[in-house]
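Visitor: So here's data23.txt (compact mmCIF, C-alpha atoms and all ligand atoms).
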# COMPACT_ATOMS: atom_id res chain seq x y z
CA MET U 11 -16.46 17.41 -32.19
CA SER U 12 -19.00 18.05 -29.48
CA PHE U 13 -18.72 19.79 -26.14
CA VAL U 14 -22.09 18.42 -25.12
CA GLU U 15 -21.79 15.40 -22.89
CA SER U 16 -24.04 12.50 -23.88
CA GLU U 17 -27.13 11.62 -21.81
CA GLU U 18 -25.42 8.40 -20.81
CA ARG U 19 -22.32 10.15 -19.48
CA ARG U 20 -24.37 12.76 -17.65
CA ALA U 21 -26.31 9.96 -16.01
CA LEU U 22 -23.04 8.22 -15.09
CA ARG U 23 -21.72 11.45 -13.53
CA ALA U 24 -24.87 11.95 -11.49
CA ALA U 25 -25.02 8.36 -10.27
CA VAL U 26 -21.33 8.24 -9.29
CA SER U 27 -21.61 11.60 -7.58
CA GLU U 28 -24.49 10.25 -5.47
CA LEU U 29 -22.42 7.23 -4.51
CA GLY U 30 -19.43 9.41 -3.58
CA LYS U 31 -21.59 11.71 -1.44
CA LYS U 32 -23.03 8.72 0.40
CA TYR U 33 -19.51 8.10 1.75
CA GLY U 34 -18.00 11.61 1.63
CA TYR U 35 -14.77 13.24 2.73
CA GLY U 36 -15.42 12.75 6.46
CA TRP U 37 -15.58 8.99 5.95
CA PHE U 38 -12.58 9.07 3.61
CA THR U 39 -10.30 10.95 6.02
CA GLU U 40 -11.46 8.87 8.96
CA LYS U 41 -10.24 5.78 7.05
CA ALA U 42 -6.98 7.57 6.25
CA ARG U 43 -6.34 8.66 9.83
CA THR U 44 -7.13 5.29 11.36
CA GLY U 45 -5.12 3.23 8.87
CA GLY U 46 -8.30 1.86 7.28
CA HIS U 47 -9.12 1.19 3.65
CA THR U 48 -11.84 2.32 1.30
CA THR U 49 -12.96 -1.25 0.68
CA GLU U 50 -16.71 -0.66 1.08
CA LEU U 51 -16.76 2.12 -1.51
CA TRP U 52 -14.40 0.22 -3.82
CA GLU U 53 -16.60 -2.89 -3.65
CA GLU U 54 -19.83 -0.96 -4.13
CA ALA U 55 -18.40 0.98 -7.09
CA GLY U 56 -17.20 -2.33 -8.54
CA LYS U 57 -20.58 -4.03 -8.15
CA LEU U 58 -22.32 -1.08 -9.78
CA GLY U 59 -20.01 -1.45 -12.77
CA TYR U 60 -18.20 1.86 -12.30
CA LEU U 61 -14.67 0.49 -11.82
CA GLY U 62 -14.78 -1.55 -15.01
CA VAL U 63 -16.68 0.92 -17.14
CA ASN U 64 -13.70 1.12 -19.56
CA LEU U 65 -13.11 -2.63 -19.84
CA PRO U 66 -14.51 -4.91 -22.58
CA GLU U 67 -18.05 -6.19 -22.03
CA GLU U 68 -17.10 -9.79 -22.75
CA TYR U 69 -14.90 -9.73 -19.63
CA GLY U 70 -17.46 -8.11 -17.36
CA GLY U 71 -16.67 -4.49 -18.15
CA GLY U 72 -18.93 -1.71 -19.36
CA GLY U 73 -17.48 -1.53 -22.86
CA GLY U 74 -16.74 2.20 -22.54
CA GLY U 75 -13.41 3.99 -22.55
CA MET U 76 -11.11 6.26 -20.58
CA ALA U 77 -13.59 9.12 -20.95
CA ASP U 78 -16.08 7.10 -18.90
CA LEU U 79 -13.56 5.89 -16.32
CA SER U 80 -12.21 9.40 -15.80
CA ILE U 81 -15.77 10.62 -15.14
CA VAL U 82 -16.07 8.04 -12.36
CA LEU U 83 -12.86 9.12 -10.63
CA GLU U 84 -13.50 12.84 -11.10
CA GLU U 85 -16.96 12.57 -9.55
CA LEU U 86 -15.80 10.41 -6.65
CA GLY U 87 -13.01 12.92 -5.98
CA ALA U 88 -15.34 15.90 -6.22
CA ALA U 89 -17.53 14.17 -3.62
CA GLY U 90 -14.50 13.82 -1.34
CA CYS U 91 -13.45 10.25 -2.17
CA PRO U 92 -10.51 10.32 -4.60
CA LEU U 93 -9.76 6.60 -5.01
CA LEU U 94 -6.07 6.51 -5.96
CA MET U 95 -6.13 2.84 -6.95
CA MET U 96 -8.50 3.71 -9.80
CA VAL U 97 -5.52 5.43 -11.44
CA VAL U 98 -3.77 2.07 -11.40
CA SER U 99 -5.96 -1.01 -11.29
CA PRO U 100 -8.70 -0.68 -13.95
CA SER U 101 -6.86 1.94 -15.98
CA ILE U 102 -3.18 0.99 -16.39
CA CYS U 103 -3.45 -2.70 -15.59
CA GLY U 104 -6.90 -3.22 -17.12
CA THR U 105 -5.92 -1.40 -20.30
CA VAL U 106 -2.58 -3.15 -20.78
CA ILE U 107 -4.14 -6.59 -20.25
CA SER U 108 -7.12 -5.78 -22.52
CA ARG U 109 -4.90 -4.51 -25.30
CA PHE U 110 -1.93 -6.86 -25.12
CA GLY U 111 -2.88 -9.82 -22.92
CA THR U 112 -3.53 -13.32 -24.20
CA GLY U 113 -7.04 -14.78 -24.09
CA ASP U 114 -6.09 -16.66 -20.92
CA GLN U 115 -4.70 -13.55 -19.23
CA LYS U 116 -7.86 -11.60 -20.07
CA ARG U 117 -10.11 -14.35 -18.73
CA ARG U 118 -7.96 -14.68 -15.59
CA TRP U 119 -7.69 -10.99 -14.64
CA LEU U 120 -10.20 -8.72 -16.35
CA PRO U 121 -13.47 -9.85 -14.68
CA GLY U 122 -11.96 -9.23 -11.22
CA LEU U 123 -10.50 -5.86 -12.21
CA ALA U 124 -13.89 -4.92 -13.65
CA ASP U 125 -16.00 -5.80 -10.61
CA GLY U 126 -13.37 -4.64 -8.10
CA SER U 127 -12.84 -8.07 -6.53
CA THR U 128 -9.25 -7.92 -7.81
CA THR U 129 -7.01 -4.91 -7.30
CA MET U 130 -3.77 -4.75 -9.23
CA ALA U 131 -0.96 -2.37 -8.31
CA PHE U 132 1.57 -1.03 -10.80
CA ALA U 133 5.32 -0.80 -10.22
CA ILE U 134 7.69 1.12 -12.43
CA THR U 135 9.51 3.58 -10.12
CA GLU U 136 12.91 2.48 -8.82
CA PRO U 137 15.10 4.15 -6.20
CA ASP U 138 18.08 4.70 -8.50
CA ALA U 139 16.20 5.38 -11.72
CA GLY U 140 13.47 7.80 -10.56
CA SER U 141 12.10 9.82 -13.45
CA ASN U 142 14.62 8.21 -15.77
CA SER U 143 12.79 4.96 -16.49
CA HIS U 144 15.44 3.99 -19.02
CA ASN U 145 17.65 3.21 -16.02
CA ILE U 146 15.43 0.64 -14.38
CA THR U 147 17.29 -2.52 -13.43
CA THR U 148 14.52 -4.89 -12.35
CA THR U 149 15.47 -7.85 -14.49
CA ALA U 150 13.67 -10.93 -15.74
CA ARG U 151 15.75 -14.01 -16.46
CA ARG U 152 14.36 -16.94 -18.43
CA THR U 153 14.09 -20.21 -16.53
CA GLU U 154 13.20 -23.65 -17.83
CA ASP U 155 9.47 -23.06 -17.47
CA GLY U 156 9.08 -19.32 -17.14
CA TRP U 157 10.82 -16.35 -15.56
CA SER U 158 12.78 -15.30 -12.51
CA LEU U 159 12.26 -11.65 -11.60
CA SER U 160 14.55 -9.64 -9.29
CA GLY U 161 14.70 -5.97 -8.43
CA ARG U 162 13.48 -3.19 -6.20
CA LYS U 163 10.72 -0.63 -6.61
CA VAL U 164 9.65 2.39 -4.51
CA PHE U 165 6.50 4.42 -3.85
CA ILE U 166 4.26 1.63 -5.09
CA SER U 167 0.67 2.43 -4.12
CA GLY U 168 -1.78 -0.04 -2.69
CA LEU U 169 0.29 -3.21 -2.33
CA ASP U 170 -1.56 -3.91 0.93
CA VAL U 171 -4.92 -4.11 -0.88
CA ALA U 172 -3.69 -5.67 -4.12
CA GLN U 173 -3.75 -9.32 -5.13
CA ALA U 174 -1.17 -8.76 -7.86
CA VAL U 175 1.17 -6.12 -9.18
CA LEU U 176 2.05 -5.31 -12.79
CA VAL U 177 5.82 -4.91 -12.69
CA VAL U 178 7.83 -3.10 -15.35
CA GLY U 179 11.15 -4.86 -15.78
CA ARG U 180 13.59 -5.55 -18.55
CA THR U 181 14.63 -8.90 -19.90
CA GLU U 182 18.17 -10.05 -19.23
CA ASP U 183 19.37 -9.60 -22.80
CA ALA U 184 18.07 -6.05 -22.82
CA ARG U 185 19.85 -5.20 -19.61
CA THR U 186 21.54 -2.03 -20.79
CA GLY U 187 20.80 0.81 -23.13
CA ARG U 188 17.40 2.26 -23.87
CA LEU U 189 14.51 0.80 -21.98
CA LYS U 190 12.85 -2.18 -23.60
CA PRO U 191 10.26 -2.77 -20.98
CA ALA U 192 8.71 -6.11 -20.30
CA LEU U 193 5.57 -6.23 -18.18
CA PHE U 194 4.95 -9.03 -15.69
CA ILE U 195 1.91 -9.85 -13.58
CA VAL U 196 3.24 -10.82 -10.17
CA PRO U 197 0.90 -12.28 -7.53
CA ILE U 198 1.50 -10.50 -4.22
CA ASP U 199 1.77 -13.81 -2.39
CA ALA U 200 4.44 -15.22 -4.75
CA ARG U 201 7.59 -16.45 -3.07
CA GLY U 202 10.32 -13.79 -3.06
CA VAL U 203 7.88 -10.83 -2.99
CA GLU U 204 8.17 -8.54 0.03
CA TYR U 205 6.94 -5.03 0.64
CA ARG U 206 7.42 -2.43 3.35
CA LYS U 207 5.30 0.63 4.03
CA ILE U 208 6.88 4.04 3.43
CA GLU U 209 5.78 6.60 6.03
CA MET U 210 4.29 9.46 3.99
CA ASP U 211 3.01 12.84 5.21
CA LEU U 212 -0.12 12.32 3.14
CA ILE U 213 -3.58 11.94 4.64
CA SER U 214 -4.77 9.15 2.40
CA PRO U 215 -6.14 5.65 2.90
CA ASP U 216 -3.95 4.56 -0.05
CA LYS U 217 -0.43 3.84 1.17
CA GLN U 218 2.91 3.68 -0.62
CA PHE U 219 5.43 0.82 -0.30
CA SER U 220 8.92 -0.32 -1.18
CA LEU U 221 8.70 -3.54 -3.15
CA PHE U 222 11.44 -6.18 -3.09
CA LEU U 223 11.53 -8.91 -5.72
CA ASP U 224 14.07 -11.59 -4.97
CA ASP U 225 14.28 -14.37 -7.54
CA VAL U 226 10.49 -14.43 -7.92
CA ARG U 227 9.62 -17.48 -10.02
CA LEU U 228 6.84 -16.81 -12.50
CA PRO U 229 5.16 -18.97 -15.13
CA ALA U 230 5.79 -18.15 -18.80
CA ASP U 231 2.39 -16.51 -19.10
CA ALA U 232 3.20 -13.91 -16.42
CA LEU U 233 4.63 -11.81 -19.25
CA VAL U 234 1.98 -9.53 -20.75
CA GLY U 235 2.43 -8.97 -24.45
CA SER U 236 5.76 -9.25 -26.14
CA GLU U 237 9.11 -8.86 -24.38
CA ASP U 238 10.21 -6.84 -27.39
CA ALA U 239 7.23 -4.58 -27.78
CA ALA U 240 9.36 -1.86 -26.24
CA LEU U 241 7.67 1.35 -25.24
CA LEU U 242 4.42 0.91 -27.15
CA GLN U 243 2.81 -1.39 -24.59
CA LEU U 244 4.05 0.60 -21.66
CA PHE U 245 2.66 3.84 -23.05
CA ALA U 246 -0.62 2.13 -23.77
CA GLY U 247 -0.83 1.93 -19.97
CA LEU U 248 0.88 5.18 -19.05
CA ASN U 249 -1.44 7.40 -21.08
CA PRO U 250 -4.50 6.10 -19.20
CA GLU U 251 -2.53 6.64 -15.99
CA ARG U 252 -1.98 10.30 -16.89
CA ILE U 253 -5.60 10.74 -17.88
CA MET U 254 -6.71 9.22 -14.58
CA ALA U 255 -4.16 11.24 -12.57
CA SER U 256 -5.73 14.33 -14.16
CA ALA U 257 -9.20 13.16 -13.12
CA PHE U 258 -7.88 12.50 -9.60
CA ALA U 259 -6.41 16.03 -9.36
CA ILE U 260 -9.48 17.68 -10.88
CA GLY U 261 -11.75 15.85 -8.44
CA ILE U 262 -9.70 17.16 -5.52
CA ALA U 263 -9.70 20.68 -6.98
CA ARG U 264 -13.48 20.63 -7.41
CA HIS U 265 -13.96 19.40 -3.87
CA ALA U 266 -11.69 22.12 -2.43
CA LEU U 267 -13.27 24.86 -4.55
CA GLY U 268 -16.76 23.74 -3.58
CA LYS U 269 -15.90 23.92 0.11
CA ALA U 270 -14.30 27.35 -0.25
CA VAL U 271 -17.24 28.81 -2.18
CA ALA U 272 -19.79 27.45 0.31
CA TYR U 273 -17.80 28.90 3.20
CA VAL U 274 -17.19 32.39 1.81
CA ASN U 275 -20.86 32.69 0.87
CA GLU U 276 -21.81 32.23 4.53
CA ARG U 277 -19.01 33.69 6.58
CA GLN U 278 -19.52 37.30 7.68
CA VAL U 279 -17.01 39.43 9.53
CA TRP U 280 -17.83 42.89 8.07
CA ASN U 281 -21.00 43.70 6.21
CA GLY U 282 -22.09 40.77 4.07
CA PRO U 283 -20.31 37.55 3.27
CA ILE U 284 -16.51 37.59 2.81
CA GLY U 285 -17.09 36.19 -0.71
CA ALA U 286 -18.11 39.72 -1.71
CA HIS U 287 -14.49 40.90 -1.30
CA GLN U 288 -12.63 40.59 -4.56
CA GLY U 289 -9.51 39.56 -2.63
CA ILE U 290 -11.48 36.39 -1.92
CA SER U 291 -13.73 36.02 -4.99
CA HIS U 292 -11.19 36.70 -7.74
CA PRO U 293 -8.72 33.94 -6.84
CA LEU U 294 -11.67 31.54 -6.63
CA ALA U 295 -12.96 32.72 -10.01
CA GLN U 296 -9.48 32.24 -11.51
CA ILE U 297 -9.37 28.71 -10.12
CA LYS U 298 -12.79 28.00 -11.61
CA ILE U 299 -11.48 29.07 -15.04
CA GLU U 300 -8.28 27.03 -14.70
CA LEU U 301 -10.31 24.07 -13.53
CA GLU U 302 -12.58 24.18 -16.57
CA LEU U 303 -9.54 24.49 -18.86
CA ALA U 304 -7.90 21.49 -17.22
CA ARG U 305 -11.15 19.50 -17.54
CA LEU U 306 -11.35 20.33 -21.24
CA MET U 307 -7.82 19.03 -21.75
CA LEU U 308 -8.63 15.91 -19.74
CA GLN U 309 -11.69 15.29 -21.93
CA LYS U 310 -9.64 15.87 -25.08
CA ALA U 311 -6.93 13.43 -23.93
CA ALA U 312 -9.53 10.79 -23.07
CA ALA U 313 -11.37 11.28 -26.37
CA LEU U 314 -8.12 10.94 -28.36
CA TYR U 315 -7.13 7.86 -26.42
CA ASP U 316 -10.52 6.23 -26.92
CA ALA U 317 -10.30 7.02 -30.65
CA GLY U 318 -7.04 5.05 -30.84
CA GLU U 319 -4.91 8.15 -31.43
CA ASP U 320 -2.15 7.05 -29.06
CA LEU U 321 0.43 9.64 -30.06
CA ALA U 322 -1.85 12.66 -29.91
CA ALA U 323 -3.37 11.27 -26.70
CA GLY U 324 0.12 11.16 -25.19
CA GLU U 325 0.67 14.87 -25.73
CA ALA U 326 -2.81 15.79 -24.52
CA ALA U 327 -2.58 13.48 -21.49
CA ASN U 328 0.68 15.12 -20.44
CA MET U 329 -0.81 18.59 -20.84
CA ALA U 330 -3.97 17.59 -18.97
CA LYS U 331 -1.96 16.13 -16.11
CA TYR U 332 0.14 19.32 -15.91
CA ALA U 333 -2.90 21.60 -15.88
CA ALA U 334 -4.80 19.41 -13.43
CA GLY U 335 -1.88 19.20 -10.99
CA GLU U 336 -1.41 22.96 -11.08
CA VAL U 337 -5.07 23.73 -10.46
CA ALA U 338 -5.31 21.13 -7.68
CA VAL U 339 -2.42 22.82 -5.87
CA ARG U 340 -3.89 26.30 -6.35
CA ALA U 341 -7.42 25.23 -5.41
CA THR U 342 -6.45 23.51 -2.17
CA ASP U 343 -4.14 26.36 -1.12
CA GLN U 344 -6.78 29.00 -1.88
CA ALA U 345 -9.42 26.94 -0.08
CA VAL U 346 -7.30 26.97 3.06
CA GLN U 347 -6.80 30.74 2.70
CA SER U 348 -10.52 31.34 2.16
CA LEU U 349 -11.42 29.56 5.37
CA GLY U 350 -8.83 31.41 7.47
CA GLY U 351 -8.17 29.57 10.75
CA ASN U 352 -10.91 27.09 9.96
CA GLY U 353 -8.91 26.16 6.88
CA MET U 354 -6.37 24.53 9.14
CA THR U 355 -8.85 22.55 11.25
CA THR U 356 -9.60 18.87 10.97
CA GLU U 357 -13.32 19.66 11.14
CA TYR U 358 -13.41 21.64 7.89
CA GLY U 359 -11.22 19.15 6.03
CA VAL U 360 -9.35 21.46 3.68
CA ALA U 361 -5.72 21.53 4.86
CA SER U 362 -5.79 17.73 4.71
CA LEU U 363 -6.22 17.96 0.93
CA VAL U 364 -3.07 19.99 0.39
CA ALA U 365 -0.50 17.18 0.39
CA ALA U 366 -2.63 14.95 -1.86
CA ALA U 367 -2.96 17.82 -4.33
CA ARG U 368 0.76 18.48 -4.06
CA ALA U 369 1.53 14.86 -4.90
CA THR U 370 -0.32 15.21 -8.22
CA ARG U 371 2.46 17.57 -9.32
CA ILE U 372 5.01 14.80 -8.73
CA ALA U 373 3.26 11.55 -9.60
CA PRO U 374 2.87 9.65 -11.81
CA VAL U 375 5.07 11.91 -13.90
CA SER U 376 6.48 15.14 -12.53
CA ARG U 377 5.66 18.61 -13.70
CA GLU U 378 9.25 19.07 -14.93
CA MET U 379 9.23 15.87 -16.98
CA ILE U 380 5.99 17.03 -18.63
CA LEU U 381 7.59 20.38 -19.43
CA ASN U 382 10.56 18.47 -20.89
CA PHE U 383 8.15 16.42 -23.02
CA VAL U 384 6.32 19.47 -24.32
CA ALA U 385 9.56 21.38 -24.94
CA GLN U 386 11.03 18.49 -26.94
CA HIS U 387 8.04 16.89 -28.63
CA SER U 388 5.58 19.75 -29.06
CA LEU U 389 8.10 22.53 -29.62
CA GLY U 390 11.02 20.60 -31.09
CA LEU U 391 13.53 22.04 -28.63
CA PRO U 392 16.75 20.20 -27.79
CA LYS U 393 17.07 17.84 -24.84
CA SER U 394 19.34 18.84 -21.93
CA TYR U 395 19.67 15.45 -20.26
C1 LIG U 401 1.73 9.49 -3.63
C2 LIG U 401 2.60 8.80 -4.62
C3 LIG U 401 2.15 7.61 -5.20
C4 LIG U 401 2.96 6.94 -6.13
N1 LIG U 401 2.53 5.73 -6.63
C5 LIG U 401 3.33 5.03 -7.50
C6 LIG U 401 2.94 3.75 -7.99
O1 LIG U 401 1.86 3.23 -7.64
N2 LIG U 401 3.77 3.09 -8.83
C7 LIG U 401 4.96 3.61 -9.23
O2 LIG U 401 5.67 2.97 -9.98
N3 LIG U 401 5.39 4.84 -8.76
C8 LIG U 401 4.60 5.55 -7.91
N4 LIG U 401 5.00 6.80 -7.43
C9 LIG U 401 6.32 7.31 -7.82
C10 LIG U 401 6.26 8.53 -8.76
O3 LIG U 401 5.84 8.11 -10.03
C11 LIG U 401 7.65 9.18 -8.74
O4 LIG U 401 7.82 9.74 -7.46
C12 LIG U 401 7.81 10.22 -9.82
O5 LIG U 401 7.82 9.61 -11.09
C13 LIG U 401 9.12 11.01 -9.65
O6 LIG U 401 10.21 10.16 -9.47
P1 LIG U 401 11.21 10.38 -8.23
O7 LIG U 401 10.39 10.48 -6.99
O8 LIG U 401 12.26 9.33 -8.26
O9 LIG U 401 11.86 11.80 -8.45
P2 LIG U 401 13.25 12.14 -9.21
O10 LIG U 401 13.28 11.49 -10.56
O11 LIG U 401 14.38 11.91 -8.29
O12 LIG U 401 13.07 13.72 -9.43
C14 LIG U 401 13.20 14.67 -8.36
C15 LIG U 401 12.92 16.05 -8.93
O13 LIG U 401 13.84 16.33 -10.01
C16 LIG U 401 13.11 16.66 -11.18
N5 LIG U 401 13.82 16.14 -12.36
C17 LIG U 401 14.30 14.90 -12.58
N6 LIG U 401 14.83 14.80 -13.81
C18 LIG U 401 14.68 16.01 -14.41
C19 LIG U 401 15.01 16.56 -15.67
N7 LIG U 401 15.58 15.82 -16.64
N8 LIG U 401 14.69 17.85 -15.92
C20 LIG U 401 14.08 18.62 -14.99
N9 LIG U 401 13.75 18.16 -13.75
C21 LIG U 401 14.04 16.87 -13.48
C22 LIG U 401 11.76 15.99 -11.02
O14 LIG U 401 10.77 16.62 -11.79
C23 LIG U 401 11.52 16.18 -9.53
O15 LIG U 401 11.00 17.45 -9.29
C24 LIG U 401 4.22 7.47 -6.50
C25 LIG U 401 4.65 8.68 -5.92
C26 LIG U 401 3.87 9.33 -5.00
C27 LIG U 401 4.36 10.62 -4.38
Rewrite the coordinates I just gave you, this time as structure tokens.
Guide:
Amino acid sequence: MSFVESEERRALRAAVSELGKKYGYGWFTEKARTGGHTTELWEEAGKLGYLGVNLPEEYGGGGGGMADLSIVLEELGAAGCPLLMMVVSPSICGTVISRFGTGDQKRRWLPGLADGSTTMAFAITEPDAGSNSHNITTTARRTEDGWSLSGRKVFISGLDVAQAVLVVGRTEDARTGRLKPALFIVPIDARGVEYRKIEMDLISPDKQFSLFLDDVRLPADALVGSEDAALLQLFAGLNPERIMASAFAIGIARHALGKAVAYVNERQVWNGPIGAHQGISHPLAQIKIELELARLMLQKAAALYDAGEDLAAGEAANMAKYAAGEVAVRATDQAVQSLGGNGMTTEYGVASLVAAARATRIAPVSREMILNFVAQHSLGLPKSY
């Protein structure tokens, strides 16, 4: 085990950080406030090979793993450009297709996911199931030549920029009981697909949507992997999602902390900078410690995942996501406090981070569901629900 990052990864960090700074938080929030998208950055990151760094080389990827992809998102976020669709498109969708897709599916989808020319959304959440994914009712019925998919999803990110969405449904014969998920690639322009924007109080260029699937006819090869592979395939995608959600939150936390530290080092209202007061410096120091702890857990989760230790990676990814969400919330709140009135201005760009950080405590899996997981699986305590 080594805590020393390889030359290659350090170089990746530095290069991605440069790219992120070229765009920056001012550009990012301008896109968010004007209803724009982060297409230029997404395309440039794709062309440079950063979006597909985890995907197999034979399909245009970099041949790395989640450790590499999480570095890309963390550095973009720390530079003020947390690209939410990275949590979904190359990580969940790219991983599931790489691990369980047929040769045809890999050839069809992976090169585009790797170079960013294809964005794939991911849809599991349903209005009546929420955190209880076992209750999802989106159902796939066999037709003569494929599938018919019907159901409704909510809070699906990025449908307006995606060409396809990976939908978690259940097959008709597995309609009740414990979830036996079946994963379908659904082109956004397929007949019977509709989506509607949900108005969110989030300042983000990545929007959330309700998704309606009404008798969507799909070819047989829209199904990724086996319809009976149950939770294994789904978790192969959800662990990368948690790892990337941690990187997203940590990027935001680093950005907020960096702004706060720079400000309190300069701002003077008594003698010397306000950063000399322990009322200001200690909370920032605590956040720095919590941030480094969360990063360590993120790196551990990614390393376990890349080593094929799915079960251990699941526990670590949950813990990393918990720690990262908590520190993102604390860092953004303390950044606002450190800047005083300026913390609430558009110019300084700190209050606008608060809701995004807050969302990392809810999505993709809530803080409480992680605590349930740890209580039951790590501590062996009984389940209350
Ligand atoms: C910005 C954003 C982007 C998102 N993007 C996507 C996406 O791209 N694709 C997608 O599929 N989904 C997406 N989601 C949905 C997200 O994954 C869900 O919001 C999340 O899983 C929680 O589900 P819910 O909102 O239905 O809350 P609920 O399940 O209704 O939970 C509400 C509250 O009750 C708590 N709770 C529920 N059950 C228990 C329990 N057993 N014990 C203790 N507490 C409990 C929860 O922790 C939460 O605090 C997104 C959400 C947000 C906010």
Visitor: Could you check which of U:Phe165, U:Phe194, U:Tyr332, U:Tyr205 is closest to ligand LIG 401 (chain U), using all atoms listed in the file?
Guide: U:Phe165
Visitor: Point out the residue among U:Ser108, U:Gln218, U:Thr181, U:Asn64 with the least atom-to-atom distance to Phe132 in chain U, counting all atoms listed in the file.
Guide: U:Gln218
Visitor: May I ask for the distance between CA of Lys116 in chain U and CA of Val177 in chain U, given in Å to one decimal place?
Guide: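 It comes out at 16.9 Å.
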Visitor: Please extract the residues at most 7 Å from ligand LIG 401 (chain U), counting all atoms listed in the file, and provide them as a PyMOL selection string, using the chain letters and residue numbers of this document.
Guide: chain U and resi 98+131-137+139-142+164-168+218+369+372-379+382+395
Visitor: Using C-alpha atoms, can you write the selected residues to a file as a compact mmCIF listing (two decimals), keeping the file's coordinate frame?
Guide:
# COMPACT_ATOMS: atom_id res chain seq x y z
CA VAL U 98 -3.77 2.07 -11.40
CA ALA U 131 -0.96 -2.37 -8.31
CA PHE U 132 1.57 -1.03 -10.80
CA ALA U 133 5.32 -0.80 -10.22
CA ILE U 134 7.69 1.12 -12.43
CA THR U 135 9.51 3.58 -10.12
CA GLU U 136 12.91 2.48 -8.82
CA PRO U 137 15.10 4.15 -6.20
CA ALA U 139 16.20 5.38 -11.72
CA GLY U 140 13.47 7.80 -10.56
CA SER U 141 12.10 9.82 -13.45
CA ASN U 142 14.62 8.21 -15.77
CA VAL U 164 9.65 2.39 -4.51
CA PHE U 165 6.50 4.42 -3.85
CA ILE U 166 4.26 1.63 -5.09
CA SER U 167 0.67 2.43 -4.12
CA GLY U 168 -1.78 -0.04 -2.69
CA GLN U 218 2.91 3.68 -0.62
CA ALA U 369 1.53 14.86 -4.90
CA ILE U 372 5.01 14.80 -8.73
CA ALA U 373 3.26 11.55 -9.60
CA PRO U 374 2.87 9.65 -11.81
CA VAL U 375 5.07 11.91 -13.90
CA SER U 376 6.48 15.14 -12.53
CA ARG U 377 5.66 18.61 -13.70
CA GLU U 378 9.25 19.07 -14.93
CA MET U 379 9.23 15.87 -16.98
CA ASN U 382 10.56 18.47 -20.89
CA TYR U 395 19.67 15.45 -20.26
Visitor: At what distance in Å, to one decimal, does CA of Ile380 in chain U lie from CA of His144 in chain U?
Guide: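 Those two atoms sit 16.1 Å apart.
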Visitor: Give me, as a list of chain:residue names, all polymer residues having an atom no more than 9 Å from Tyr358 in chain U, counting all atoms listed in the file and skipping those fewer than 5 positions away in the same chain.
Guide: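 The contact residues come out as U:Lys269, U:Leu349, U:Asn352, U:Gly353.
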Visitor: Need the neighbours of (-2.7, 12.1, -15.1): which residues are at most 8 Å away, counting all atoms listed in the file, as a list of chain:residue names?
Guide: U:Asn249, U:Pro250, U:Glu251, U:Arg252, U:Ile253, U:Met254, U:Ala255, U:Ser256, U:Ala257, U:Phe258, U:Ala259, U:Ala327, U:Asn328, U:Ala330, U:Lys331, U:Tyr332, U:Ala334, U:Thr370, U:Pro374, U:Val375
Visitor: I'd like the interatomic distance between CA of Gly179 in chain U and CA of Gly126 in chain U, to a tenth of an Å.
Guide: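 It comes out at 25.7 Å.
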Visitor: Please identify all polymer residues within 12 Å of range 286-295 of chain U, counting only C-alpha atoms, omitting same-chain residues fewer than 3 positions from it, and present them as a PyMOL selection string.
Guide: chain U and resi 263-264+266-283+298-302+337+340-350
Visitor: Just want the 10 Å neighbourhood of Arg20 in chain U, counted on only C-alpha atoms, with same-chain residues fewer than 6 positions away dropped. Output as a list in words.
Guide: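 Once the nearby chain positions are removed, what remains is Val14, Val26 and Ile81 of chain U.
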Visitor: Within 9 Å of (-12.5, 10.2, -12.7) (coordinates as in the file), grab all the protein and nucleic acid residues, counting all atoms listed in the file, and write them out as an mmCIF file with C-alpha atoms, in the coordinates of the input.
Guide:
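Dumped to point07.cif:
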data_model
loop_
_atom_site.group_PDB
_atom_site.id
_atom_site.type_symbol
_atom_site.label_atom_id
_atom_site.label_comp_id
_atom_site.auth_asym_id
_atom_site.auth_seq_id
_atom_site.Cartn_x
_atom_site.Cartn_y
_atom_site.Cartn_z
ATOM 1 C CA MET U 76 -11.110 6.260 -20.580
ATOM 2 C CA ALA U 77 -13.590 9.120 -20.950
ATOM 3 C CA ASP U 78 -16.080 7.100 -18.900
ATOM 4 C CA LEU U 79 -13.560 5.890 -16.320
ATOM 5 C CA SER U 80 -12.210 9.400 -15.800
ATOM 6 C CA ILE U 81 -15.770 10.620 -15.140
ATOM 7 C CA VAL U 82 -16.070 8.040 -12.360
ATOM 8 C CA LEU U 83 -12.860 9.120 -10.630
ATOM 9 C CA GLU U 84 -13.500 12.840 -11.100
ATOM 10 C CA GLU U 85 -16.960 12.570 -9.550
ATOM 11 C CA LEU U 86 -15.800 10.410 -6.650
ATOM 12 C CA GLY U 87 -13.010 12.920 -5.980
ATOM 13 C CA PRO U 92 -10.510 10.320 -4.600
ATOM 14 C CA LEU U 93 -9.760 6.600 -5.010
ATOM 15 C CA MET U 96 -8.500 3.710 -9.800
ATOM 16 C CA VAL U 97 -5.520 5.430 -11.440
ATOM 17 C CA ILE U 253 -5.600 10.740 -17.880
ATOM 18 C CA MET U 254 -6.710 9.220 -14.580
ATOM 19 C CA ALA U 255 -4.160 11.240 -12.570
ATOM 20 C CA SER U 256 -5.730 14.330 -14.160
ATOM 21 C CA ALA U 257 -9.200 13.160 -13.120
ATOM 22 C CA PHE U 258 -7.880 12.500 -9.600
ATOM 23 C CA ILE U 260 -9.480 17.680 -10.880
ATOM 24 C CA GLY U 261 -11.750 15.850 -8.440
#
Visitor: Could you check which of U:Ala366, U:Ala246, U:Ile208, U:Ala174 is closest to Ile102 in chain U, using all atoms listed in the file?
Guide: U:Ala246
